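**Student:** This is the content of run.cif (mmCIF, C-alpha atoms):
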data_protein
#
loop_
_atom_site.label_atom_id
_atom_site.label_comp_id
_atom_site.auth_asym_id
_atom_site.auth_seq_id
_atom_site.Cartn_x
_atom_site.Cartn_y
_atom_site.Cartn_z
CA MET W 1 0.00 0.00 0.00
CA HIS W 2 1.28 3.45 -0.90
CA THR W 3 0.64 6.52 1.19
CA VAL W 4 0.69 10.20 0.22
CA VAL W 5 1.44 13.01 2.68
CA GLU W 6 0.37 16.45 1.47
CA ARG W 7 0.37 19.92 2.95
CA GLU W 8 -1.04 23.12 1.47
CA LEU W 9 1.05 26.18 2.30
CA GLU W 10 1.19 29.80 1.38
CA LEU W 11 4.79 30.65 0.56
CA LYS W 12 6.19 34.08 -0.10
CA LEU W 13 7.99 34.71 -3.37
CA VAL W 14 10.64 37.29 -2.54
CA LEU W 15 10.83 39.94 -5.24
CA SER W 16 13.10 42.32 -3.32
CA PRO W 17 14.12 42.86 0.32
CA GLU W 18 11.03 45.06 0.74
CA ARG W 19 8.51 43.18 -1.38
CA SER W 20 7.13 39.65 -1.64
CA ILE W 21 3.96 38.10 -2.98
CA PRO W 22 2.02 35.09 -1.68
CA VAL W 23 2.25 31.87 -3.68
CA PRO W 24 -0.04 28.96 -2.84
CA ALA W 25 1.89 25.69 -2.88
CA ARG W 26 1.44 22.03 -2.07
CA LEU W 27 4.13 19.80 -0.56
CA THR W 28 3.71 16.15 -1.54
CA TYR W 29 5.51 13.00 -0.42
CA ARG W 30 4.71 9.57 -1.83
CA THR W 31 5.92 6.37 -0.19
CA GLU W 32 6.39 4.75 -3.62
CA ASP W 33 8.93 7.49 -4.39
CA PRO W 34 10.57 7.57 -0.93
CA TYR W 35 13.64 9.66 -1.73
CA ALA W 36 11.78 12.62 -3.27
CA VAL W 37 9.58 15.50 -2.24
CA HIS W 38 7.42 17.36 -4.71
CA ILE W 39 6.31 20.97 -4.58
CA ILE W 40 3.59 22.36 -6.82
CA PHE W 41 3.39 26.14 -7.06
CA HIS W 42 0.13 27.72 -8.18
CA ILE W 43 1.34 31.01 -9.58
CA GLY W 44 -1.87 32.26 -11.20
CA SER W 45 -1.06 30.89 -14.65
CA ASP W 46 -2.86 28.16 -16.55
CA PHE W 47 -0.20 25.64 -15.56
CA PRO W 48 1.27 25.10 -12.10
CA VAL W 49 5.04 24.86 -11.63
CA TYR W 50 6.41 21.52 -10.41
CA TRP W 51 9.69 20.93 -8.57
CA THR W 52 11.03 17.62 -7.30
CA PHE W 53 14.15 17.18 -5.18
CA ALA W 54 15.63 14.93 -2.49
CA ARG W 55 13.73 14.62 0.77
CA ASP W 56 17.10 14.59 2.58
CA LEU W 57 17.75 18.08 1.25
CA LEU W 58 14.57 19.43 2.83
CA VAL W 59 15.16 17.49 6.06
CA GLU W 60 18.62 19.04 6.44
CA GLY W 61 17.54 22.47 5.19
CA VAL W 62 15.03 22.84 8.03
CA PHE W 63 18.00 22.86 10.45
CA ARG W 64 21.01 24.26 8.54
CA PRO W 65 21.96 25.61 5.12
CA CYS W 66 22.36 22.92 2.49
CA GLY W 67 22.22 22.24 -1.21
CA ASN W 68 24.02 23.60 -4.19
CA GLY W 69 23.07 24.08 -7.78
CA ASP W 70 19.36 24.14 -8.56
CA VAL W 71 18.00 23.81 -5.01
CA ARG W 72 19.35 25.46 -1.86
CA ILE W 73 17.54 25.49 1.47
CA TRP W 74 18.29 27.20 4.79
CA PRO W 75 16.52 28.27 7.98
CA THR W 76 16.46 31.90 9.07
CA LYS W 77 14.45 34.47 11.01
CA ILE W 78 12.70 37.36 9.34
CA GLU W 79 11.02 39.92 11.58
CA ARG W 80 11.14 37.38 14.45
CA ARG W 81 9.42 34.73 12.33
CA SER W 82 11.19 31.43 11.69
CA VAL W 83 11.16 30.69 7.99
CA THR W 84 12.72 28.14 5.71
CA CYS W 85 14.14 29.73 2.59
CA VAL W 86 14.16 27.79 -0.66
CA ALA W 87 16.21 29.12 -3.57
CA LEU W 88 15.38 27.52 -6.91
CA THR W 89 17.37 27.96 -10.11
CA SER W 90 16.33 26.82 -13.58
CA PRO W 91 16.95 27.88 -17.18
CA ASP W 92 13.66 29.80 -16.92
CA GLY W 93 14.88 31.90 -13.98
CA ASP W 94 15.52 32.01 -10.27
CA ALA W 95 13.13 32.16 -7.33
CA LEU W 96 13.59 32.76 -3.64
CA LEU W 97 10.72 31.49 -1.50
CA GLU W 98 10.00 31.72 2.21
CA ALA W 99 7.99 29.02 3.96
CA PRO W 100 6.83 28.96 7.58
CA SER W 101 9.40 26.75 9.33
CA ALA W 102 6.99 25.17 11.79
CA ALA W 103 4.65 23.99 9.03
CA VAL W 104 7.50 22.62 6.90
CA ALA W 105 9.14 20.90 9.87
CA ALA W 106 5.85 19.28 10.94
CA TRP W 107 5.24 18.00 7.39
CA VAL W 108 8.81 16.68 7.12
CA GLU W 109 8.40 14.90 10.47
CA ARG W 110 5.25 13.16 9.19
CA THR W 111 7.19 11.84 6.18
CA LEU W 112 10.02 10.65 8.45
CA ARG W 113 7.63 8.77 10.72
CA LEU W 114 6.06 7.14 7.68
CA VAL W 115 9.38 6.19 6.04
CA PRO W 116 12.26 6.53 8.50
CA PRO W 117 15.66 7.52 7.11
CA GLY W 118 17.57 4.48 5.92
CA THR W 119 14.43 2.47 5.10
CA GLU W 120 13.65 4.11 1.76
CA THR W 121 15.14 1.27 -0.29
CA GLU W 122 12.69 -1.19 1.25
CA ARG W 123 9.84 0.87 -0.22
CA LEU W 124 11.20 0.63 -3.75
CA GLY W 125 10.52 -3.10 -4.02
CA ILE W 126 13.83 -3.71 -5.77
CA ASP W 127 14.11 -7.34 -4.57
CA ALA W 128 10.60 -8.15 -5.75
CA GLY W 129 11.26 -6.43 -9.08
CA ILE W 130 14.46 -8.39 -9.67
CA ALA W 131 12.73 -11.65 -8.74
CA GLU W 132 9.97 -10.86 -11.21
CA LEU W 133 12.46 -10.05 -13.96
CA LEU W 134 14.39 -13.26 -13.38
CA ALA W 135 11.39 -15.55 -12.93
CA PRO W 136 11.00 -18.02 -15.82
CA LEU W 137 8.02 -17.48 -18.06
CA PRO W 138 5.96 -20.37 -19.49
CA VAL W 139 7.54 -19.69 -22.88
CA ASP W 140 10.99 -20.22 -21.29
CA ASP W 141 10.09 -23.88 -20.76
CA LEU W 142 10.03 -24.35 -24.51
CA TRP W 143 13.52 -22.96 -24.92
CA LEU W 144 14.91 -24.90 -21.99
CA SER W 145 13.58 -28.24 -23.23
CA ASP W 146 15.14 -30.39 -25.96
CA PRO W 147 13.95 -28.87 -29.25
CA TRP W 148 14.09 -32.28 -31.00
CA PRO W 149 12.47 -35.03 -29.06
CA SER W 150 14.29 -38.31 -29.13
CA ASP W 151 13.44 -40.41 -32.18
CA GLY W 152 14.94 -43.49 -30.66
CA SER W 153 18.24 -43.32 -32.50
CA ALA W 154 21.50 -43.44 -30.55
CA ASP W 155 23.74 -40.38 -30.36
CA GLY W 156 25.79 -39.89 -33.51
CA GLU W 157 23.60 -42.19 -35.66
CA PHE W 158 21.71 -40.87 -38.65
#
Can you turn what I pasted into structure tokens?
**Tutor:**
Amino acid sequence: MHTVVERELELKLVLSPERSIPVPARLTYRTEDPYAVHIIFHIGSDFPVYWTFARDLLVEGVFRPCGNGDVRIWPTKIERRSVTCVALTSPDGDALLEAPSAAVAAWVERTLRLVPPGTETERLGIDAGIAELLAPLPVDDLWLSDPWPSDGSADGEF
């Protein structure tokens, strides 16, 4: 059975040090994809924006700065509020978002209780998948059997 953990949040898209705009978003974690978290941003366009990155990155980013490249996450305080900052970089542009730390941390904790760190591989079903790939099929029996049934002649006789 697969489980989904979701959380609707209102993030702030930072436009400048003085100005930000609210961006509705949804955090999603699926046990069948145990290493990843998904964020969907509803930015007022016809199509939402999707980002997927490592759950470990978000887990660490709640407590200390981490990440490089396309996704960087760090905790901070802004006007006495604890926020988790998420910096995203893509060919289409860059975005700096602020999320309420308590809400993100509570959501991350739910995912960790569901799939504790170090147990993700068990959720992938790799062993079962390999067993299925290697299991003989009924058609394999034809190839494994003698293609020319014995006609009663001894070996080497024609």
**Student:** CA of Ala102 (chain W) and CA of Ser16 (chain W), how far apart in Å?
**Tutor:** 23.7 Å
**Student:** For CA of Phe53 (chain W) and CA of Lys77 (chain W), quote the distance in Å rounded to one decimal.
**Tutor:**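 Distance between the two atoms: 23.7 Å.
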**Student:** Between W:Pro100, W:Ala36, W:Asp70, W:Pro65, single out the one closest to Ser82 (chain W), counting only C-alpha atoms.
**Tutor:**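 Result for the nearest residue to Ser82 (chain W): W:Pro100.
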**Student:** Translate the PyMOL selection byres ((chain W and resi 104-109) around 12), as applied to the file shown, into an explicit residue set as an MDAnalysis selection string.
**Tutor:** chainID W and resid 4:11 25:29 36:39 54:63 73:75 82:86 98:103 110:117
**Student:** Between CA of Thr76 (chain W) and CA of Arg30 (chain W), what is the spacing in Å?
**Tutor:**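 A separation of 27.5 Å between them.
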**Student:** Name the closest residue to Leu88 (chain W) among the candidates W:Val14, W:Val71, W:Val23, W:Ile43; distances are taken between atoms, counting all atoms listed in the file.
**Tutor:**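 For Leu88 (chain W), the nearest of the candidates is W:Val71.
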**Student:** Using all atoms listed in the file, can you tell me which of W:Leu133, W:Leu15, W:Leu97, W:Val49 comes closest to Arg72 (chain W)?
**Tutor:**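 Checking each candidate against Arg72 (chain W), we get W:Leu97 as the closest.
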**Student:** Of the candidates W:Arg64, W:Arg123, W:Arg19, W:Arg80, which one gets nearest to Leu96 (chain W) if we count only C-alpha atoms?
**Tutor:**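 Ranking W:Arg64, W:Arg123, W:Arg19, W:Arg80 by distance to Leu96 (chain W), first place goes to W:Arg19.
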